[in-house]
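S.K.: A single structure is presented below for examination.
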Amino acid sequence: MRVIVLGGGVVGVTTAYQLQKDGHEVVILERQQQVAAETSWGNAGMIAPGHSFVWSSPRAPMILLKSLVLKDQALRFKLSADPRLYSWSWLFLMECTAEKARRNTLLKHRLAVYSQSVLQEVIADEAIEYDRNDRGILYFYRSQQALDKGVEHMRLLESDGQLIKVLDRDAIVALDPSLASAKEKIAGGIHCPTDETGDPAKFTRALAAKVVERGGEIRTGTTIIRIETSGDGVAQVLTDKGAVKGDAYVLALGSYSPLIAKTVGISLPIYPIKGYSLTISVGNRPAPPTVASVDEHNLVAISRFGDRVRVTATAEFAGYDTSHKPADFAFMKGVTEELYPEGADYDRAEMWAGLRPMTPNNLPEFGQRRLRNLYLNTGHGHIGWTMSHGSARITADLIAGRKPAISMDGLLN
Ligand SMILES: Cc1cc2nc3c(=O)[nH]c(=O)nc-3n(C[C@H](O)[C@H](O)[C@H](O)COP(=O)(O)OP(=O)(O)OC[C@H]3O[C@@H](n4cnc5c(N)ncnc54)[C@H](O)[C@@H]3O)c2cc1C
């Protein structure tokens with residue numbers, strides 16, 4: 001078949017790669033001048049099954065409410081005139097029961113673990129250099145009480161096979177000596193040794209090059225305007241460069257998927273949640289992080305990609321606005337500098353903001369919807385790099401009419 005993939009983020013590119021592996025002809029449509037130039041560019045790069053907890057938890061309604069009145073660095077919930085914000089928030093609140101949070105977290109963990117295994121197959125098959133670090137991820141806490149709660153919380157993923165190691169502050173410094181000067185600020189942490197990190201844009205661009213080498217087409221600088229139907233299927237995709245026809249179509253436009261799905265009357269509950277990142281050159285600093293970490297108190301994530309450190313933070317409801325100003329980064333920069341004072345050349349930081357494509361239950365949308373040849377692979381939220389590889393394989397399986405390797409119960413609407 002000729003399959004048209006709408007969107008050249010990590011989800012679109014991994015999907016095209018898996019479809020090509022199945023023998024399909026693939027065309028990716030991407031509005032930017034290169035792939036992985038939007039959300040898949042500046043994320044923390046964490047392949048983190050150990051971070052599969054959904055945001056829609058029983059604690060979330062109070063956190064949202066508080067952030068309306070108190071200035072919070074991690075979460076910025078703002079009321080706006082956008083009706084989609086209210087319909088999405090209502091659906092999100094409906095997912096915040098303890099039972100649903102547990103169920104959704106375990107579904108997400110199932111997908112994330114599978115996805116990491118698919119990533120490992122891809123790495124074994126393709127020589128891709130993307131500054132991979134396989135020393136795990138350290139989730140650390142600043143008080144004993146918070147650590148105890150975190151460990152209790154983590155038991156859910158442990159019961160689902162996640163390997164965890166609870167570390168005291170000495171063990172943390174032994175794991176990553178670059179945290180030595182911040183030792184007294186850390187009570188302890190959870191090390192997930194099987195989690196890993198790597199530069200998502202570097203990976204996506206290298207994989208896209210493989211797709212092209214094998215005859216795939218990537219039409220960059222091509223903006224999709226709408227999907228056009230004929231009978232019960234998609235007839236073509238209209239772009240600013242003309243119409244594109246295929247036998248099947250995959251919608252992988254991240255936060256923009258609902259806007260294009262709407263052109264064929266499909267309503268998708270995906271809302272953009274803005275995040276910020278800094279990419280900082282290590283320069284000649286002697287003690288850059290050697291293990292990725294998440295400061296669970298400040299909700300700041302820190303990864304090392306070769307000669308760069310990537311720091312991410314903040315969940316902000318700002319619609320499709322991706323603008324940023326230096327003040328947006330002051331807190332996360334301060335936290336990182338406090339933890340790793342000799343970790344990077346903090347004066348040379350590249351600033352970025354992007355949109356997490358969040359669904360209310362934090363699970364992506366898969367499979368056919370209304371039109372027989374339109375498949376969804378979108379809405380991967382805050383761990384889309386983690387879930388992309390498995391989601392791509394699942395989408396290729398669904399298009400082939402094959403049963404995916406993991407149970408799709410609860411994952412396929
Ligand atoms: C601050 C931050 C930190 C994160 N950290 C992590 C992490 O550590 N680990 C992890 O797993 N995930 C992380 N994520 C989430 C992850 O980045 C996303 O889930 C993932 O990148 C989504 O990929 P995507 O391909 O669906 O979307 P995108 O990367 O946004 O790709 C969609 C593509 O569609 C294109 N497009 C949109 N509209 C059109 C149109 N009309 N015509 C043509 N092209 C169009 C866009 O240009 C874009 O390239 C983070 C996200 C943020 C914001």
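In the structure tokens, chains take letters A, B, ... by order of appearance, with residues numbered from 1 within each chain and ligands from 1 in the order shown.
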Please identify every residue of chain A that has at least one atom no farther than 6 Å from an atom of ligand 1, counting only C-alpha atoms and all ligand atoms, and for each give the shortest atom pair and the distance in Å to one decimal, arranged by chain then increasing number, as a tab-separated table.
M.R.:
residue	atom	partner	partner_atom_place_in_ligand_line	distance
A:Gly7	CA	ligand 1	34 (O)	3.6
A:Gly8	CA	ligand 1	49 (O)	4.5
A:Gly9	CA	ligand 1	31 (O)	3.3
A:Val10	CA	ligand 1	25 (O)	4.2
A:Val11	CA	ligand 1	25 (O)	3.8
A:Gly12	CA	ligand 1	25 (O)	5.5
A:Leu29	CA	ligand 1	43 (C)	5.7
A:Glu30	CA	ligand 1	44 (N)	3.9
A:Arg31	CA	ligand 1	43 (C)	3.9
A:Gln32	CA	ligand 1	47 (O)	5.2
A:Val35	CA	ligand 1	49 (O)	5.7
A:Ala36	CA	ligand 1	49 (O)	5.2
A:Ala37	CA	ligand 1	49 (O)	5.5
A:Glu38	CA	ligand 1	30 (O)	4.9
A:Thr39	CA	ligand 1	29 (O)	3.9
A:Ser40	CA	ligand 1	21 (O)	3.4
A:Asn43	CA	ligand 1	3 (C)	3.7
A:Ala44	CA	ligand 1	8 (O)	3.6
A:Gly45	CA	ligand 1	8 (O)	4.2
A:Met46	CA	ligand 1	8 (O)	3.6
A:Ile47	CA	ligand 1	11 (O)	5.4
A:Thr222	CA	ligand 1	43 (C)	5.7
A:Thr223	CA	ligand 1	42 (N)	3.6
A:Ile224	CA	ligand 1	42 (N)	3.7
A:Ile225	CA	ligand 1	41 (N)	5.8
A:Ala252	CA	ligand 1	26 (O)	5.6
A:Leu253	CA	ligand 1	34 (O)	3.8
A:Gly254	CA	ligand 1	26 (O)	3.6
A:Tyr256	CA	ligand 1	38 (N)	5.0
A:Lys274	CA	ligand 1	53 (C)	5.8
A:Gly275	CA	ligand 1	1 (C)	3.8
A:Tyr276	CA	ligand 1	1 (C)	4.7
A:Ser277	CA	ligand 1	1 (C)	5.5
A:Thr312	CA	ligand 1	1 (C)	5.0
A:Ala313	CA	ligand 1	1 (C)	5.8
A:Gly354	CA	ligand 1	53 (C)	4.5
A:Leu355	CA	ligand 1	53 (C)	4.8
A:Arg356	CA	ligand 1	53 (C)	4.7
A:Thr378	CA	ligand 1	26 (O)	5.4
A:His380	CA	ligand 1	19 (O)	4.6
A:Gly381	CA	ligand 1	19 (O)	4.5
A:His382	CA	ligand 1	15 (C)	4.0
A:Ile383	CA	ligand 1	11 (O)	3.2
A:Gly384	CA	ligand 1	19 (O)	3.0
A:Trp385	CA	ligand 1	11 (O)	3.4
A:Thr386	CA	ligand 1	11 (O)	3.6
S.K.: If we count only C-alpha atoms and set the cut-off at 6 Å, which residues sit around His191 of chain A, ignoring sequence neighbours fewer than 3 positions away in its own chain? Please answer as a list in words.
M.R.: Ile137, Leu138, Ile164 and Lys165 of chain A
S.K.: Could you write those residues out with C-alpha atoms, as a compact mmCIF listing (two decimals), in the first residue's frame?
M.R.:
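And here is the file that came out, part-v1.txt:
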# COMPACT_ATOMS: atom_id res chain seq x y z
CA ILE A 137 16.92 7.58 35.45
CA LEU A 138 17.08 8.80 39.03
CA ILE A 164 13.44 -0.07 40.98
CA LYS A 165 16.25 0.59 43.43
S.K.: Name all residues at most 9 Å from segment 68-80 of chain A (count only C-alpha atoms; drop same-chain ones fewer than 2 positions away) and give them as a ChimeraX atom specification.
M.R.: /A:63-66,82-83,85-86,298-300,313-319,328,331-332
S.K.: What's the 6 Å shell around Arg226 of chain A, counting only C-alpha atoms, without same-chain residues fewer than 4 positions away, as an mmCIF file with N, CA and C atoms, in the first residue's frame?
M.R.:
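File selection-v4.cif, as written:
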data_model
loop_
_atom_site.group_PDB
_atom_site.id
_atom_site.type_symbol
_atom_site.label_atom_id
_atom_site.label_comp_id
_atom_site.auth_asym_id
_atom_site.auth_seq_id
_atom_site.Cartn_x
_atom_site.Cartn_y
_atom_site.Cartn_z
ATOM 1 N N LEU A 238 -5.444 17.468 1.370
ATOM 2 C CA LEU A 238 -5.148 18.709 0.657
ATOM 3 C C LEU A 238 -4.072 19.483 1.422
ATOM 4 N N ILE A 260 -6.972 19.061 12.328
ATOM 5 C CA ILE A 260 -7.125 18.444 11.006
ATOM 6 C C ILE A 260 -8.213 17.358 11.058
ATOM 7 N N THR A 263 -11.671 18.503 10.260
ATOM 8 C CA THR A 263 -12.066 18.761 8.866
ATOM 9 C C THR A 263 -12.866 17.582 8.286
#
S.K.: With a distance cut-off of 10 Å and only C-alpha atoms, select the neighbouring residues of Ser89 of chain A, excluding the residue or stretch itself and same-chain residues fewer than 6 positions from it, and output the selection as a list in words.
M.R.: Pro61, Leu64, Pro83, Glu95, Pro269, Tyr271, Thr359 and Pro360 of chain A
S.K.: What lies within 10 Å of Leu106 of chain A using only C-alpha atoms, ignoring chain neighbours under 3 positions off, as a PyMOL selection string?
M.R.: chain A and resi 52-54+100-103+109-112+156-157+159-160
S.K.: Out of A:Arg142, A:Ala400, A:Cys96, A:Arg84, which residue has the shortest atom-to-atom distance to Ile186 of chain A when counting only C-alpha atoms?
M.R.: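 Checking each of A:Arg142, A:Ala400, A:Cys96, A:Arg84 against Ile186 of chain A, counting only C-alpha atoms, the winner is A:Arg142.
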S.K.: Among segment 126-292 of chain A, which residues carry a DSSP assignment of strand (DSSP E), reported as an mmCIF file with N, CA and C atoms, in the first residue's frame?
M.R.:
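Printed below is result-v4.cif as written:
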data_model
loop_
_atom_site.group_PDB
_atom_site.id
_atom_site.type_symbol
_atom_site.label_atom_id
_atom_site.label_comp_id
_atom_site.auth_asym_id
_atom_site.auth_seq_id
_atom_site.Cartn_x
_atom_site.Cartn_y
_atom_site.Cartn_z
ATOM 1 N N ILE A 137 17.359 6.227 35.042
ATOM 2 C CA ILE A 137 16.917 7.575 35.452
ATOM 3 C C ILE A 137 16.724 7.558 36.964
ATOM 4 N N LEU A 138 17.170 8.655 37.585
ATOM 5 C CA LEU A 138 17.076 8.798 39.033
ATOM 6 C C LEU A 138 15.945 9.774 39.359
ATOM 7 N N TYR A 139 14.937 9.299 40.084
ATOM 8 C CA TYR A 139 13.826 10.160 40.505
ATOM 9 C C TYR A 139 14.107 10.481 41.972
ATOM 10 N N PHE A 140 14.491 11.738 42.281
ATOM 11 C CA PHE A 140 14.900 11.969 43.671
ATOM 12 C C PHE A 140 14.007 12.966 44.407
ATOM 13 N N TYR A 141 14.056 12.858 45.722
ATOM 14 C CA TYR A 141 13.163 13.602 46.619
ATOM 15 C C TYR A 141 13.992 14.396 47.615
ATOM 16 N N LYS A 165 15.303 0.696 42.321
ATOM 17 C CA LYS A 165 16.253 0.591 43.434
ATOM 18 C C LYS A 165 16.083 1.840 44.278
ATOM 19 N N VAL A 166 15.800 1.660 45.555
ATOM 20 C CA VAL A 166 15.653 2.821 46.440
ATOM 21 C C VAL A 166 17.039 3.166 46.981
ATOM 22 N N LEU A 167 17.452 4.415 46.790
ATOM 23 C CA LEU A 167 18.807 4.828 47.169
ATOM 24 C C LEU A 167 18.780 5.922 48.226
ATOM 25 N N ASP A 168 19.703 5.823 49.184
ATOM 26 C CA ASP A 168 19.848 6.954 50.113
ATOM 27 C C ASP A 168 20.804 7.965 49.463
ATOM 28 N N GLY A 188 16.853 11.203 49.250
ATOM 29 C CA GLY A 188 17.037 9.881 48.645
ATOM 30 C C GLY A 188 16.265 9.838 47.342
ATOM 31 N N GLY A 189 16.300 8.680 46.711
ATOM 32 C CA GLY A 189 15.606 8.633 45.418
ATOM 33 C C GLY A 189 15.324 7.215 44.967
ATOM 34 N N ILE A 190 14.692 7.143 43.827
ATOM 35 C CA ILE A 190 14.402 5.841 43.210
ATOM 36 C C ILE A 190 15.152 5.815 41.891
ATOM 37 N N HIS A 191 15.997 4.815 41.752
ATOM 38 C CA HIS A 191 16.720 4.667 40.489
ATOM 39 C C HIS A 191 16.015 3.592 39.679
ATOM 40 N N CYS A 192 15.602 3.947 38.479
ATOM 41 C CA CYS A 192 15.028 2.957 37.555
ATOM 42 C C CYS A 192 16.145 2.622 36.558
ATOM 43 N N GLU A 196 16.103 4.990 30.272
ATOM 44 C CA GLU A 196 17.264 5.492 29.538
ATOM 45 C C GLU A 196 16.952 6.859 28.929
ATOM 46 N N THR A 197 17.950 7.452 28.309
ATOM 47 C CA THR A 197 17.735 8.751 27.656
ATOM 48 C C THR A 197 18.479 8.809 26.322
ATOM 49 N N GLU A 217 9.383 8.847 1.075
ATOM 50 C CA GLU A 217 9.403 10.251 0.667
ATOM 51 C C GLU A 217 9.051 11.118 1.879
ATOM 52 N N ILE A 218 9.790 12.191 2.089
ATOM 53 C CA ILE A 218 9.414 13.121 3.156
ATOM 54 C C ILE A 218 9.225 14.486 2.519
ATOM 55 N N ARG A 219 7.987 14.940 2.510
ATOM 56 C CA ARG A 219 7.709 16.254 1.916
ATOM 57 C C ARG A 219 7.677 17.286 3.037
ATOM 58 N N ILE A 224 -0.541 20.774 5.758
ATOM 59 C CA ILE A 224 -1.824 20.101 5.500
ATOM 60 C C ILE A 224 -2.956 21.078 5.827
ATOM 61 N N ILE A 225 -3.879 21.177 4.889
ATOM 62 C CA ILE A 225 -5.008 22.096 5.103
ATOM 63 C C ILE A 225 -6.235 21.319 5.584
ATOM 64 N N ARG A 226 -6.539 20.224 4.889
ATOM 65 C CA ARG A 226 -7.669 19.400 5.329
ATOM 66 C C ARG A 226 -7.592 18.005 4.722
ATOM 67 N N ILE A 227 -8.425 17.125 5.281
ATOM 68 C CA ILE A 227 -8.567 15.775 4.731
ATOM 69 C C ILE A 227 -9.853 15.797 3.910
ATOM 70 N N GLU A 228 -9.837 15.140 2.743
ATOM 71 C CA GLU A 228 -11.057 15.089 1.922
ATOM 72 C C GLU A 228 -11.499 13.640 1.775
ATOM 73 N N THR A 229 -12.814 13.448 1.853
ATOM 74 C CA THR A 229 -13.346 12.080 1.855
ATOM 75 C C THR A 229 -14.086 11.765 0.567
ATOM 76 N N SER A 230 -14.263 10.476 0.369
ATOM 77 C CA SER A 230 -15.130 10.004 -0.706
ATOM 78 C C SER A 230 -15.752 8.723 -0.160
ATOM 79 N N GLY A 233 -14.340 6.582 3.020
ATOM 80 C CA GLY A 233 -12.892 6.644 3.218
ATOM 81 C C GLY A 233 -12.304 8.009 2.916
ATOM 82 N N VAL A 234 -11.005 8.121 3.198
ATOM 83 C CA VAL A 234 -10.274 9.344 2.829
ATOM 84 C C VAL A 234 -9.928 9.240 1.349
ATOM 85 N N ALA A 235 -10.193 10.300 0.593
ATOM 86 C CA ALA A 235 -9.848 10.305 -0.836
ATOM 87 C C ALA A 235 -8.463 10.910 -1.037
ATOM 88 N N GLN A 236 -8.180 11.972 -0.272
ATOM 89 C CA GLN A 236 -6.888 12.652 -0.404
ATOM 90 C C GLN A 236 -6.694 13.646 0.732
ATOM 91 N N VAL A 237 -5.443 14.093 0.851
ATOM 92 C CA VAL A 237 -5.135 15.128 1.835
ATOM 93 C C VAL A 237 -4.791 16.379 1.047
ATOM 94 N N LEU A 238 -5.444 17.468 1.370
ATOM 95 C CA LEU A 238 -5.148 18.709 0.657
ATOM 96 C C LEU A 238 -4.072 19.483 1.422
ATOM 97 N N THR A 239 -3.014 19.834 0.711
ATOM 98 C CA THR A 239 -1.929 20.614 1.343
ATOM 99 C C THR A 239 -1.753 21.921 0.573
ATOM 100 N N GLY A 242 -0.739 21.209 -2.940
ATOM 101 C CA GLY A 242 -1.589 20.345 -3.771
ATOM 102 C C GLY A 242 -2.095 19.130 -3.008
ATOM 103 N N ALA A 243 -2.816 18.253 -3.717
ATOM 104 C CA ALA A 243 -3.439 17.090 -3.074
ATOM 105 C C ALA A 243 -2.471 15.907 -3.061
ATOM 106 N N VAL A 244 -2.577 15.099 -2.003
ATOM 107 C CA VAL A 244 -1.735 13.891 -1.894
ATOM 108 C C VAL A 244 -2.664 12.703 -1.657
ATOM 109 N N ALA A 248 -3.890 4.378 2.437
ATOM 110 C CA ALA A 248 -4.221 4.558 3.862
ATOM 111 C C ALA A 248 -3.511 5.820 4.375
ATOM 112 N N TYR A 249 -4.027 6.345 5.478
ATOM 113 C CA TYR A 249 -3.515 7.618 6.021
ATOM 114 C C TYR A 249 -3.343 7.463 7.536
ATOM 115 N N VAL A 250 -2.240 7.993 8.074
ATOM 116 C CA VAL A 250 -2.038 7.953 9.529
ATOM 117 C C VAL A 250 -1.967 9.385 10.038
ATOM 118 N N LEU A 251 -2.816 9.685 11.005
ATOM 119 C CA LEU A 251 -2.833 11.034 11.587
ATOM 120 C C LEU A 251 -1.865 11.071 12.772
ATOM 121 N N TYR A 271 -5.376 18.183 23.969
ATOM 122 C CA TYR A 271 -5.171 19.604 24.250
ATOM 123 C C TYR A 271 -3.680 19.873 24.425
ATOM 124 N N PRO A 272 -3.191 21.005 23.903
ATOM 125 C CA PRO A 272 -1.751 21.291 24.043
ATOM 126 C C PRO A 272 -1.399 21.756 25.450
ATOM 127 N N ILE A 273 -0.417 21.118 26.045
ATOM 128 C CA ILE A 273 0.090 21.594 27.344
ATOM 129 C C ILE A 273 1.564 21.947 27.160
ATOM 130 N N LYS A 274 1.795 23.221 27.356
ATOM 131 C CA LYS A 274 3.110 23.776 27.029
ATOM 132 C C LYS A 274 4.181 23.392 28.062
ATOM 133 N N GLY A 275 5.364 23.135 27.557
ATOM 134 C CA GLY A 275 6.508 22.880 28.437
ATOM 135 C C GLY A 275 7.696 23.667 27.924
ATOM 136 N N TYR A 276 8.682 23.848 28.779
ATOM 137 C CA TYR A 276 9.862 24.644 28.420
ATOM 138 C C TYR A 276 11.121 23.794 28.553
ATOM 139 N N SER A 277 12.104 24.074 27.711
ATOM 140 C CA SER A 277 13.388 23.396 27.922
ATOM 141 C C SER A 277 14.576 24.297 27.636
ATOM 142 N N LEU A 278 15.668 23.930 28.272
ATOM 143 C CA LEU A 278 16.962 24.588 28.042
ATOM 144 C C LEU A 278 17.926 23.536 27.532
ATOM 145 N N THR A 279 18.703 23.887 26.532
ATOM 146 C CA THR A 279 19.768 22.997 26.085
ATOM 147 C C THR A 279 21.071 23.745 26.333
ATOM 148 N N ILE A 280 21.903 23.159 27.175
ATOM 149 C CA ILE A 280 23.080 23.891 27.656
ATOM 150 C C ILE A 280 24.345 23.109 27.332
ATOM 151 N N SER A 281 25.281 23.802 26.738
ATOM 152 C CA SER A 281 26.539 23.153 26.400
ATOM 153 C C SER A 281 27.321 22.835 27.689
ATOM 154 N N ALA A 292 20.582 10.658 34.091
ATOM 155 C CA ALA A 292 19.447 11.582 34.001
ATOM 156 C C ALA A 292 18.689 11.584 35.325
#
S.K.: Which one of A:Gly23, A:Pro58, A:Gly150, A:Pro364 sits closest to Gly390 of chain A if you count only C-alpha atoms?
M.R.: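 For Gly390 of chain A, the nearest of the given residues is A:Pro364.
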S.K.: Of the residues A:Ala344, A:Leu339, A:Ala327, A:Val3, which is the one nearest to Val294 of chain A, using only C-alpha atoms?
M.R.: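 Using only C-alpha atoms, the shortest distance to Val294 of chain A belongs to A:Leu339.
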S.K.: Could you tell me how far atom CA of Thr15 of chain A sits from atom CA of Asp240 of chain A, in Å to one decimal place?
M.R.: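 We find that atom CA of Asp240 of chain A and atom CA of Thr15 of chain A lie 23.1 Å from each other.
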S.K.: Please, which residues of segment 63-96 of chain A, numbered as in this document, come out alpha helix (DSSP H) from DSSP, as a list in words?
M.R.: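 The alpha helix (DSSP H) subset of segment 63-96 of chain A is Ile63, Leu64, Leu65, Lys66, Ser67, Leu68, Val69, Pro83, Arg84, Leu85, Tyr86, Ser87, Trp88, Ser89, Trp90, Leu91, Phe92, Leu93 and Met94 of chain A.
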S.K.: Which distance in Å separates atom CA of Glu337 of chain A and atom CA of Asp199 of chain A, to one decimal?
M.R.: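 Atom-to-atom, atom CA of Glu337 of chain A to atom CA of Asp199 of chain A, that is 21.1 Å.
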S.K.: Identify which of the residues A:Glu184, A:Asp176, A:Glu350, A:Asp195 lies closest to Val113 of chain A, counting only C-alpha atoms when measuring atom-to-atom distances.
M.R.: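 Among the listed residues, the smallest separation from Val113 of chain A belongs to A:Asp195.
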S.K.: Considering only C-alpha atoms, return as a PyMOL selection string whatever protein or nucleic-acid residues lie within 12 Å of Ile123 of chain A, sequence-local ones (same chain, fewer than 2 positions apart) excluded.
M.R.: chain A and resi 116-121+125-130+132+198+203+206-207+389
